[in-house]
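Structure file query30.txt; described as compact mmCIF, C-alpha atoms and all ligand atoms.
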# COMPACT_ATOMS: atom_id res chain seq x y z
CA MET R 1 -9.65 -3.28 7.60
CA LYS R 2 -8.09 -2.59 4.24
CA GLN R 3 -4.42 -3.44 4.04
CA THR R 4 -2.13 -0.73 2.81
CA ILE R 5 0.61 -1.14 0.23
CA ALA R 6 3.76 0.87 -0.35
CA GLY R 7 4.93 0.52 -3.94
CA VAL R 8 8.72 0.50 -4.01
CA VAL R 9 11.00 0.61 -7.02
CA LEU R 10 14.43 -0.77 -6.21
CA ALA R 11 17.11 1.21 -7.99
CA GLY R 12 20.02 1.02 -5.58
CA GLY R 13 22.18 -1.24 -7.70
CA GLN R 14 25.33 -0.32 -9.60
CA SER R 15 24.33 -1.64 -13.07
CA ARG R 16 27.81 -3.16 -13.33
CA ARG R 17 26.83 -5.61 -16.05
CA PHE R 18 24.90 -2.97 -17.99
CA GLY R 19 27.74 -0.46 -17.79
CA ARG R 20 25.56 2.61 -17.17
CA PRO R 21 22.57 3.25 -14.89
CA LYS R 22 19.95 0.95 -16.37
CA ALA R 23 17.05 2.68 -14.60
CA PHE R 24 17.42 5.47 -17.19
CA ALA R 25 17.67 3.26 -20.28
CA LEU R 26 14.72 3.89 -22.57
CA HIS R 27 11.93 1.48 -23.43
CA GLN R 28 9.25 2.80 -25.80
CA GLY R 29 10.37 6.34 -25.11
CA ALA R 30 10.26 6.19 -21.31
CA PRO R 31 13.02 5.28 -18.83
CA PHE R 32 12.92 1.78 -17.36
CA PHE R 33 12.20 2.98 -13.82
CA ALA R 34 9.10 4.85 -15.04
CA TRP R 35 7.57 1.56 -16.24
CA SER R 36 8.00 0.13 -12.76
CA VAL R 37 6.44 3.23 -11.20
CA ALA R 38 3.51 3.01 -13.63
CA ALA R 39 2.95 -0.66 -12.80
CA LEU R 40 2.85 0.07 -9.06
CA ALA R 41 0.92 3.34 -9.02
CA PRO R 42 -2.58 1.86 -9.49
CA ILE R 43 -2.28 -0.52 -6.52
CA ALA R 44 -0.10 1.48 -4.12
CA ASP R 45 -1.22 3.79 -1.32
CA GLU R 46 2.19 5.46 -1.47
CA LEU R 47 5.21 5.17 -3.74
CA TYR R 48 8.97 5.25 -3.14
CA LEU R 49 12.02 4.91 -5.24
CA ILE R 50 15.14 3.61 -3.50
CA SER R 51 18.38 4.62 -5.12
CA HIS R 52 21.99 5.22 -4.24
CA PRO R 53 23.92 8.45 -3.70
CA ALA R 54 25.31 8.77 -7.24
CA LEU R 55 21.85 8.66 -8.86
CA VAL R 56 19.59 10.37 -6.37
CA GLY R 57 19.87 13.82 -7.99
CA GLU R 58 19.06 12.48 -11.44
CA PHE R 59 16.02 10.62 -10.10
CA ARG R 60 14.75 13.68 -8.27
CA ARG R 61 14.91 15.69 -11.48
CA ARG R 62 12.91 13.05 -13.29
CA THR R 63 10.20 12.08 -10.82
CA ASP R 64 7.98 13.60 -8.15
CA ILE R 65 7.81 10.48 -6.02
CA PRO R 66 10.06 10.40 -2.94
CA VAL R 67 13.56 9.11 -3.65
CA LEU R 68 15.21 7.44 -0.65
CA LEU R 69 18.66 6.04 -0.03
CA ASP R 70 19.22 2.65 1.58
CA VAL R 71 19.64 3.13 5.34
CA GLU R 72 23.31 3.77 5.92
CA ARG R 73 23.93 0.61 7.92
CA TYR R 74 22.93 -1.57 4.97
CA ARG R 75 23.68 0.69 2.01
CA GLY R 76 24.42 -1.23 -1.15
CA PHE R 77 23.67 -4.56 0.54
CA GLY R 78 21.30 -5.49 -2.29
CA PRO R 79 17.52 -5.68 -2.59
CA LEU R 80 17.05 -6.69 1.06
CA ALA R 81 18.51 -3.32 2.06
CA GLY R 82 15.95 -1.58 -0.12
CA ILE R 83 13.05 -3.55 1.35
CA TYR R 84 14.30 -2.84 4.87
CA THR R 85 14.61 0.87 4.08
CA ALA R 86 11.05 1.01 2.74
CA MET R 87 9.73 -0.75 5.83
CA GLU R 88 11.52 1.71 8.05
CA GLN R 89 10.18 4.70 6.10
CA SER R 90 6.62 3.57 5.60
CA ARG R 91 3.77 2.48 7.88
CA SER R 92 2.09 0.46 5.12
CA ASP R 93 1.27 -3.17 5.89
CA TRP R 94 2.97 -4.41 2.73
CA VAL R 95 5.89 -3.37 0.60
CA PHE R 96 5.34 -4.29 -3.04
CA ILE R 97 8.74 -4.16 -4.73
CA LEU R 98 9.67 -4.05 -8.38
CA PRO R 99 13.18 -3.83 -9.82
CA CYS R 100 14.11 -0.94 -12.10
CA ASP R 101 15.00 -3.24 -14.99
CA MET R 102 11.78 -5.01 -15.98
CA PRO R 103 10.32 -2.51 -18.45
CA TYR R 104 7.61 -4.87 -19.70
CA MET R 105 6.06 -5.24 -16.26
CA ASN R 106 2.54 -3.82 -16.04
CA LYS R 107 -0.38 -3.13 -13.77
CA ASP R 108 -2.30 -6.26 -14.76
CA VAL R 109 0.37 -8.31 -13.03
CA THR R 110 0.65 -6.07 -9.98
CA GLU R 111 -3.14 -5.91 -9.55
CA ARG R 112 -3.49 -9.67 -9.75
CA LEU R 113 -0.57 -10.31 -7.43
CA ALA R 114 -1.74 -7.73 -4.88
CA ALA R 115 -5.06 -9.58 -4.68
CA TYR R 116 -3.15 -12.39 -2.92
CA ALA R 117 -1.99 -10.14 -0.08
CA ASP R 118 -3.37 -12.31 2.70
CA PRO R 119 -2.06 -11.18 6.10
CA SER R 120 -1.68 -14.76 7.29
CA PHE R 121 1.35 -14.87 4.96
CA ASP R 122 4.56 -12.85 5.21
CA ALA R 123 5.24 -12.65 1.49
CA VAL R 124 3.51 -13.13 -1.86
CA VAL R 125 5.88 -14.25 -4.59
CA PRO R 126 5.23 -15.38 -8.17
CA LEU R 127 6.57 -18.71 -9.35
CA HIS R 128 7.66 -18.30 -12.92
CA ALA R 129 8.76 -21.42 -14.79
CA GLY R 130 9.11 -23.08 -11.40
CA ARG R 131 11.34 -20.36 -9.99
CA PRO R 132 10.47 -17.64 -7.49
CA GLU R 133 10.56 -14.05 -8.76
CA PRO R 134 11.42 -12.42 -5.42
CA LEU R 135 11.88 -8.94 -6.89
CA VAL R 136 8.28 -8.82 -8.14
CA ALA R 137 6.66 -9.50 -4.80
CA LEU R 138 4.93 -8.28 -1.67
CA TYR R 139 6.55 -8.41 1.74
CA HIS R 140 4.70 -7.79 4.99
CA ARG R 141 6.21 -5.20 7.29
CA ARG R 142 6.47 -7.78 10.06
CA LEU R 143 9.50 -9.17 8.16
CA ARG R 144 11.58 -6.15 9.04
CA PRO R 145 13.29 -7.71 12.10
CA LEU R 146 14.12 -10.86 10.12
CA ILE R 147 15.65 -8.78 7.32
CA ALA R 148 17.74 -6.88 9.86
CA LYS R 149 18.87 -10.15 11.39
CA LEU R 150 19.89 -11.55 8.00
CA LEU R 151 21.77 -8.42 6.97
CA ASN R 152 23.47 -8.17 10.36
CA ALA R 153 24.69 -11.72 9.82
CA GLY R 154 26.07 -10.82 6.39
CA GLU R 155 23.29 -12.73 4.60
CA ARG R 156 22.16 -10.75 1.57
CA ARG R 157 20.36 -13.28 -0.59
CA MET R 158 16.65 -12.91 -1.27
CA GLY R 159 16.42 -16.67 -0.97
CA SER R 160 17.39 -16.49 2.67
CA LEU R 161 14.43 -14.21 3.32
CA LEU R 162 12.07 -16.58 1.49
CA ASP R 163 13.46 -19.47 3.52
CA GLY R 164 12.59 -17.73 6.77
CA ALA R 165 9.16 -16.39 5.78
CA ARG R 166 5.71 -17.86 5.27
CA VAL R 167 5.50 -17.37 1.52
CA ARG R 168 2.38 -17.55 -0.59
CA TYR R 169 3.73 -18.67 -3.96
CA VAL R 170 1.52 -17.71 -6.88
CA ASP R 171 1.70 -19.33 -10.30
CA ALA R 172 2.97 -16.63 -12.64
CA GLN R 173 1.24 -17.90 -15.73
CA PRO R 174 -2.28 -16.54 -15.05
CA LEU R 175 -0.83 -13.24 -13.83
CA ALA R 176 0.24 -12.10 -17.28
CA ALA R 177 -1.18 -12.61 -20.76
CA ASP R 178 2.32 -12.45 -22.18
CA GLU R 179 5.60 -13.98 -20.99
CA THR R 180 7.57 -10.88 -21.91
CA VAL R 181 6.52 -9.10 -18.70
CA TRP R 182 9.10 -11.25 -16.87
CA ARG R 183 11.93 -10.08 -19.08
CA ASN R 184 14.69 -8.47 -17.09
CA VAL R 185 17.56 -6.47 -18.57
CA ASN R 186 21.01 -6.95 -17.07
CA THR R 187 23.34 -6.42 -20.01
CA GLU R 188 23.61 -4.18 -23.04
CA GLU R 189 23.13 -7.30 -25.16
CA GLU R 190 19.80 -8.15 -23.48
CA TYR R 191 18.74 -4.54 -24.00
CA ARG R 192 19.32 -4.72 -27.74
N1 LIG R 201 17.90 -0.36 -2.83
C1 LIG R 201 18.78 -1.19 -3.40
N2 LIG R 201 18.48 -1.77 -4.58
C2 LIG R 201 19.40 -2.59 -5.14
C3 LIG R 201 20.66 -2.84 -4.54
N3 LIG R 201 21.36 -3.71 -5.35
C4 LIG R 201 20.57 -3.96 -6.41
N4 LIG R 201 19.39 -3.29 -6.30
C5 LIG R 201 18.27 -3.29 -7.26
O1 LIG R 201 17.77 -4.60 -7.34
C6 LIG R 201 17.37 -4.89 -8.68
C7 LIG R 201 18.07 -6.13 -9.19
O2 LIG R 201 19.48 -5.96 -9.12
P1 LIG R 201 20.45 -6.25 -10.33
O3 LIG R 201 19.71 -6.74 -11.52
O4 LIG R 201 21.59 -7.05 -9.80
O5 LIG R 201 20.94 -4.75 -10.68
P2 LIG R 201 22.32 -4.08 -10.35
O6 LIG R 201 22.83 -4.57 -9.05
O7 LIG R 201 22.15 -2.61 -10.54
O8 LIG R 201 23.22 -4.61 -11.55
P3 LIG R 201 24.62 -5.37 -11.50
O9 LIG R 201 25.59 -4.37 -10.92
O10 LIG R 201 24.92 -5.70 -12.91
O11 LIG R 201 24.40 -6.57 -10.60
C8 LIG R 201 17.69 -3.65 -9.50
O12 LIG R 201 16.49 -2.93 -9.61
C9 LIG R 201 18.72 -2.94 -8.66
O13 LIG R 201 18.72 -1.52 -8.83
C10 LIG R 201 20.95 -2.21 -3.28
O14 LIG R 201 22.02 -2.37 -2.70
N5 LIG R 201 19.98 -1.40 -2.76
MG MG R 202 23.29 -6.73 -8.77

Can you dump the structure from the file as structure tokens?
Amino acid sequence: MKQTIAGVVLAGGQSRRFGRPKAFALHQGAPFFAWSVAALAPIADELYLISHPALVGEFRRRTDIPVLLDVERYRGFGPLAGIYTAMEQSRSDWVFILPCDMPYMNKDVTERLAAYADPSFDAVVPLHAGRPEPLVALYHRRLRPLIAKLLNAGERRMGSLLDGARVRYVDAQPLAADETVWRNVNTEEEYR
């Protein structure tokens, strides 16, 4: 049976280093978050954007896809809260997350990575320059109880999820023709 994928853009952060909501910063005329949506749309059976209360209205004006808030229990607890929220909302087998601050990301990468979604693994994560890219990755819905357990224990690091999951690591190099797709914008300086 075909496995289903929920495409999820994580936008529940505070953009503290950037100084304003980076999801709305422009790249080639379109806001950052729209590049993430565009990269996920071709491979996703459904799409969600996960934001926080201060930005939800602005997102809803700018996009037709459903905008969720992190479940209250874990609100603002970081990307794991967003993944948990998507798994609670959706029945899809996999949640494919992207951050809202990687405007060079594209569908070639997501298509290639999604092809590795083997249900005998819990997660599919690129290894870029020897390091996992856990925010450009697929997570199987069976990880939901583990994520709850981690967050309940005050453990918010993505690395702690990877440590407890069967992860299929995928070499990032053949996923993208160009290194720039991995570029992530945290500060105004990186933006310029
Ligand atoms: N749903 C959700 N997403 C989050 C949360 N915290 C961060 N993110 C998202 O995860 C991605 C990576 O986070 P960061 O690069 O640290 O972004 P940020 O937290 O907004 O920025 P800083 O405040 O500078 O750390 C971004 O797409 C964030 O929007 C959260 O608590 N919930
Ligand atoms: Mg952060």

key: Test item: residues no farther than 8 Å from ligand LIG 201 (chain R), counting all atoms listed in the file, as an NGL selection string   = :R and (9-19 or 21-23 or 50-52 or 69-70 or 74-83 or 85 or 98-101 or 135 or 184-187)

query = So, counting only C-alpha atoms, which residue among R:Met105, R:Ala172, R:Glu88, R:Ala115 is closest to Pro145 of chain R?
reply =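 Ranked by minimum distance to Pro145 of chain R, first place goes to R:Glu88.
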
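The smallest atom-to-atom distance between ligand MG 202 (chain R) and any of R:Leu150, R:Pro66, R:Glu72, R:Arg157, using all atoms listed in the file, is found for R:Arg157.
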
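Between atom CA of Phe59 of chain R and atom CA of Asn152 of chain R the separation is 28.8 Å.
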
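With all atoms listed in the file taken into account, the protein and nucleic acid residues at most 10 Å from Tyr84 of chain R (excluding it and anything under 5 positions from it in its own chain) are Asp70, Val71, Tyr74, Pro79, Gln89, Val95, Arg141, Leu143, Arg144, Pro145, Leu146, Ile147, Ala148 and Leu151 of chain R.
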
ask   = Which protein, DNA or RNA residues have an atom at most 6 Å from (3.3, -16.9, 6.0), counting all atoms listed in the file? List them as a PyMOL selection string.
value = chain R and resi 120-122+165-167

query = Using only C-alpha atoms and all ligand atoms, which of the listed residues (R:Arg183, R:Arg156, R:Arg192, R:Arg91) sits closest to ligand MG 202 (chain R)?
reply = R:Arg156

Would it be fine to have segment 36-182 of chain R, with C-alpha atoms, given as a PDB file, in the first residue's frame?
ATOM      1  CA  SER R  36       9.314  25.445   1.832  1.00  0.00           C
ATOM      2  CA  VAL R  37       5.663  24.935   0.892  1.00  0.00           C
ATOM      3  CA  ALA R  38       6.616  24.734  -2.802  1.00  0.00           C
ATOM      4  CA  ALA R  39       9.313  22.156  -2.073  1.00  0.00           C
ATOM      5  CA  LEU R  40       6.869  19.944  -0.164  1.00  0.00           C
ATOM      6  CA  ALA R  41       3.744  20.310  -2.300  1.00  0.00           C
ATOM      7  CA  PRO R  42       4.765  17.886  -5.085  1.00  0.00           C
ATOM      8  CA  ILE R  43       5.437  14.982  -2.700  1.00  0.00           C
ATOM      9  CA  ALA R  44       2.859  15.592   0.031  1.00  0.00           C
ATOM     10  CA  ASP R  45      -0.646  14.150   0.298  1.00  0.00           C
ATOM     11  CA  GLU R  46      -1.546  17.014   2.620  1.00  0.00           C
ATOM     12  CA  LEU R  47       0.222  20.157   3.799  1.00  0.00           C
ATOM     13  CA  TYR R  48       0.382  21.998   7.127  1.00  0.00           C
ATOM     14  CA  LEU R  49       2.116  25.023   8.433  1.00  0.00           C
ATOM     15  CA  ILE R  50       2.836  25.087  12.161  1.00  0.00           C
ATOM     16  CA  SER R  51       3.192  28.523  13.632  1.00  0.00           C
ATOM     17  CA  HIS R  52       2.750  30.332  16.913  1.00  0.00           C
ATOM     18  CA  PRO R  53      -0.040  32.601  18.152  1.00  0.00           C
ATOM     19  CA  ALA R  54       1.589  35.914  17.183  1.00  0.00           C
ATOM     20  CA  LEU R  55       1.979  34.918  13.514  1.00  0.00           C
ATOM     21  CA  VAL R  56      -1.011  32.731  12.801  1.00  0.00           C
ATOM     22  CA  GLY R  57      -3.178  35.579  11.445  1.00  0.00           C
ATOM     23  CA  GLU R  58      -0.469  36.776   9.082  1.00  0.00           C
ATOM     24  CA  PHE R  59       0.076  33.242   7.773  1.00  0.00           C
ATOM     25  CA  ARG R  60      -3.633  32.704   7.220  1.00  0.00           C
ATOM     26  CA  ARG R  61      -3.806  35.868   5.142  1.00  0.00           C
ATOM     27  CA  ARG R  62      -0.923  34.673   3.007  1.00  0.00           C
ATOM     28  CA  THR R  63      -1.661  30.994   2.437  1.00  0.00           C
ATOM     29  CA  ASP R  64      -4.567  28.626   1.901  1.00  0.00           C
ATOM     30  CA  ILE R  65      -2.918  25.664   3.569  1.00  0.00           C
ATOM     31  CA  PRO R  66      -4.021  24.896   7.142  1.00  0.00           C
ATOM     32  CA  VAL R  67      -2.071  26.816   9.774  1.00  0.00           C
ATOM     33  CA  LEU R  68      -1.841  25.008  13.119  1.00  0.00           C
ATOM     34  CA  LEU R  69      -0.448  25.962  16.495  1.00  0.00           C
ATOM     35  CA  ASP R  70       1.789  23.643  18.503  1.00  0.00           C
ATOM     36  CA  VAL R  71      -0.383  21.619  20.892  1.00  0.00           C
ATOM     37  CA  GLU R  72      -0.703  23.677  24.039  1.00  0.00           C
ATOM     38  CA  ARG R  73       1.154  21.237  26.271  1.00  0.00           C
ATOM     39  CA  TYR R  74       4.321  21.607  24.198  1.00  0.00           C
ATOM     40  CA  ARG R  75       3.893  25.058  22.680  1.00  0.00           C
ATOM     41  CA  GLY R  76       7.178  26.703  21.833  1.00  0.00           C
ATOM     42  CA  PHE R  77       9.151  23.597  22.829  1.00  0.00           C
ATOM     43  CA  GLY R  78      10.980  23.654  19.497  1.00  0.00           C
ATOM     44  CA  PRO R  79      10.766  21.553  16.342  1.00  0.00           C
ATOM     45  CA  LEU R  80       9.816  18.386  18.241  1.00  0.00           C
ATOM     46  CA  ALA R  81       6.626  20.144  19.343  1.00  0.00           C
ATOM     47  CA  GLY R  82       5.811  20.903  15.722  1.00  0.00           C
ATOM     48  CA  ILE R  83       6.400  17.316  14.617  1.00  0.00           C
ATOM     49  CA  TYR R  84       4.269  16.034  17.491  1.00  0.00           C
ATOM     50  CA  THR R  85       1.482  18.459  16.583  1.00  0.00           C
ATOM     51  CA  ALA R  86       1.515  17.336  12.948  1.00  0.00           C
ATOM     52  CA  MET R  87       1.362  13.686  13.990  1.00  0.00           C
ATOM     53  CA  GLU R  88      -1.588  14.404  16.220  1.00  0.00           C
ATOM     54  CA  GLN R  89      -3.421  16.298  13.474  1.00  0.00           C
ATOM     55  CA  SER R  90      -2.695  14.028  10.554  1.00  0.00           C
ATOM     56  CA  ARG R  91      -3.250  10.339   9.786  1.00  0.00           C
ATOM     57  CA  SER R  92      -0.406  10.260   7.254  1.00  0.00           C
ATOM     58  CA  ASP R  93       2.249   7.578   7.717  1.00  0.00           C
ATOM     59  CA  TRP R  94       5.076  10.099   7.510  1.00  0.00           C
ATOM     60  CA  VAL R  95       5.607  13.705   8.428  1.00  0.00           C
ATOM     61  CA  PHE R  96       8.084  15.382   6.085  1.00  0.00           C
ATOM     62  CA  ILE R  97       9.258  18.553   7.810  1.00  0.00           C
ATOM     63  CA  LEU R  98      11.056  21.577   6.457  1.00  0.00           C
ATOM     64  CA  PRO R  99      12.047  24.686   8.395  1.00  0.00           C
ATOM     65  CA  CYS R 100      10.773  28.088   7.287  1.00  0.00           C
ATOM     66  CA  ASP R 101      14.280  29.467   6.790  1.00  0.00           C
ATOM     67  CA  MET R 102      15.830  27.412   3.984  1.00  0.00           C
ATOM     68  CA  PRO R 103      14.664  29.364   0.939  1.00  0.00           C
ATOM     69  CA  TYR R 104      16.927  27.516  -1.501  1.00  0.00           C
ATOM     70  CA  MET R 105      15.376  24.149  -0.704  1.00  0.00           C
ATOM     71  CA  ASN R 106      13.548  22.605  -3.661  1.00  0.00           C
ATOM     72  CA  LYS R 107      11.454  19.700  -4.823  1.00  0.00           C
ATOM     73  CA  ASP R 108      14.369  17.789  -6.332  1.00  0.00           C
ATOM     74  CA  VAL R 109      15.684  17.252  -2.821  1.00  0.00           C
ATOM     75  CA  THR R 110      12.313  16.422  -1.286  1.00  0.00           C
ATOM     76  CA  GLU R 111      11.441  13.992  -4.091  1.00  0.00           C
ATOM     77  CA  ARG R 112      14.746  12.174  -3.777  1.00  0.00           C
ATOM     78  CA  LEU R 113      14.580  12.043  -0.001  1.00  0.00           C
ATOM     79  CA  ALA R 114      10.960  10.865   0.038  1.00  0.00           C
ATOM     80  CA  ALA R 115      12.004   7.922  -2.155  1.00  0.00           C
ATOM     81  CA  TYR R 116      13.851   6.566   0.906  1.00  0.00           C
ATOM     82  CA  ALA R 117      10.698   6.407   3.028  1.00  0.00           C
ATOM     83  CA  ASP R 118      11.043   2.745   3.926  1.00  0.00           C
ATOM     84  CA  PRO R 119       8.615   1.772   6.702  1.00  0.00           C
ATOM     85  CA  SER R 120      11.192  -0.458   8.359  1.00  0.00           C
ATOM     86  CA  PHE R 121      12.830   2.809   9.470  1.00  0.00           C
ATOM     87  CA  ASP R 122      11.407   5.457  11.794  1.00  0.00           C
ATOM     88  CA  ALA R 123      13.120   8.424  10.174  1.00  0.00           C
ATOM     89  CA  VAL R 124      14.905   9.418   6.977  1.00  0.00           C
ATOM     90  CA  VAL R 125      17.530  12.102   7.521  1.00  0.00           C
ATOM     91  CA  PRO R 126      20.135  13.578   5.165  1.00  0.00           C
ATOM     92  CA  LEU R 127      23.771  13.599   6.204  1.00  0.00           C
ATOM     93  CA  HIS R 128      25.290  16.799   4.949  1.00  0.00           C
ATOM     94  CA  ALA R 129      29.044  17.233   5.356  1.00  0.00           C
ATOM     95  CA  GLY R 130      28.898  14.418   7.882  1.00  0.00           C
ATOM     96  CA  ARG R 131      26.169  16.052   9.957  1.00  0.00           C
ATOM     97  CA  PRO R 132      22.490  15.146  10.176  1.00  0.00           C
ATOM     98  CA  GLU R 133      20.007  17.704   8.838  1.00  0.00           C
ATOM     99  CA  PRO R 134      17.112  16.742  11.129  1.00  0.00           C
ATOM    100  CA  LEU R 135      14.870  19.601   9.994  1.00  0.00           C
ATOM    101  CA  VAL R 136      14.872  18.384   6.387  1.00  0.00           C
ATOM    102  CA  ALA R 137      13.622  14.906   7.126  1.00  0.00           C
ATOM    103  CA  LEU R 138      10.820  12.378   7.298  1.00  0.00           C
ATOM    104  CA  TYR R 139       9.513  10.995  10.568  1.00  0.00           C
ATOM    105  CA  HIS R 140       7.161   8.040  10.826  1.00  0.00           C
ATOM    106  CA  ARG R 141       4.016   8.602  12.852  1.00  0.00           C
ATOM    107  CA  ARG R 142       4.951   5.712  15.129  1.00  0.00           C
ATOM    108  CA  LEU R 143       7.490   8.098  16.726  1.00  0.00           C
ATOM    109  CA  ARG R 144       4.740  10.133  18.323  1.00  0.00           C
ATOM    110  CA  PRO R 145       4.861   8.372  21.728  1.00  0.00           C
ATOM    111  CA  LEU R 146       8.649   8.709  21.859  1.00  0.00           C
ATOM    112  CA  ILE R 147       8.416  12.436  21.094  1.00  0.00           C
ATOM    113  CA  ALA R 148       5.835  12.850  23.853  1.00  0.00           C
ATOM    114  CA  LYS R 149       8.086  10.969  26.244  1.00  0.00           C
ATOM    115  CA  LEU R 150      11.073  13.176  25.394  1.00  0.00           C
ATOM    116  CA  LEU R 151       9.119  16.417  25.712  1.00  0.00           C
ATOM    117  CA  ASN R 152       7.508  15.269  28.960  1.00  0.00           C
ATOM    118  CA  ALA R 153      11.013  14.688  30.296  1.00  0.00           C
ATOM    119  CA  GLY R 154      12.078  18.205  29.268  1.00  0.00           C
ATOM    120  CA  GLU R 155      14.209  16.878  26.395  1.00  0.00           C
ATOM    121  CA  ARG R 156      13.794  19.155  23.378  1.00  0.00           C
ATOM    122  CA  ARG R 157      16.776  18.357  21.191  1.00  0.00           C
ATOM    123  CA  MET R 158      16.263  16.821  17.767  1.00  0.00           C
ATOM    124  CA  GLY R 159      19.347  14.734  18.465  1.00  0.00           C
ATOM    125  CA  SER R 160      17.568  12.967  21.287  1.00  0.00           C
ATOM    126  CA  LEU R 161      14.868  11.863  18.854  1.00  0.00           C
ATOM    127  CA  LEU R 162      17.468  10.598  16.383  1.00  0.00           C
ATOM    128  CA  ASP R 163      19.189   8.715  19.199  1.00  0.00           C
ATOM    129  CA  GLY R 164      15.999   6.854  20.020  1.00  0.00           C
ATOM    130  CA  ALA R 165      14.841   6.130  16.470  1.00  0.00           C
ATOM    131  CA  ARG R 166      15.878   3.763  13.693  1.00  0.00           C
ATOM    132  CA  VAL R 167      17.227   6.368  11.298  1.00  0.00           C
ATOM    133  CA  ARG R 168      17.967   5.861   7.629  1.00  0.00           C
ATOM    134  CA  TYR R 169      20.748   8.370   7.003  1.00  0.00           C
ATOM    135  CA  VAL R 170      21.013   9.466   3.378  1.00  0.00           C
ATOM    136  CA  ASP R 171      24.085  11.097   1.879  1.00  0.00           C
ATOM    137  CA  ALA R 172      23.057  14.647   1.049  1.00  0.00           C
ATOM    138  CA  GLN R 173      25.407  15.098  -1.860  1.00  0.00           C
ATOM    139  CA  PRO R 174      23.409  13.212  -4.537  1.00  0.00           C
ATOM    140  CA  LEU R 175      20.170  14.787  -3.302  1.00  0.00           C
ATOM    141  CA  ALA R 176      20.994  18.235  -4.633  1.00  0.00           C
ATOM    142  CA  ALA R 177      22.914  19.488  -7.659  1.00  0.00           C
ATOM    143  CA  ASP R 178      23.945  22.548  -5.698  1.00  0.00           C
ATOM    144  CA  GLU R 179      25.149  22.965  -2.115  1.00  0.00           C
ATOM    145  CA  THR R 180      23.180  26.172  -1.650  1.00  0.00           C
ATOM    146  CA  VAL R 181      19.955  24.252  -0.993  1.00  0.00           C
ATOM    147  CA  TRP R 182      21.289  23.542   2.518  1.00  0.00           C
TER     148      TRP R 182
END
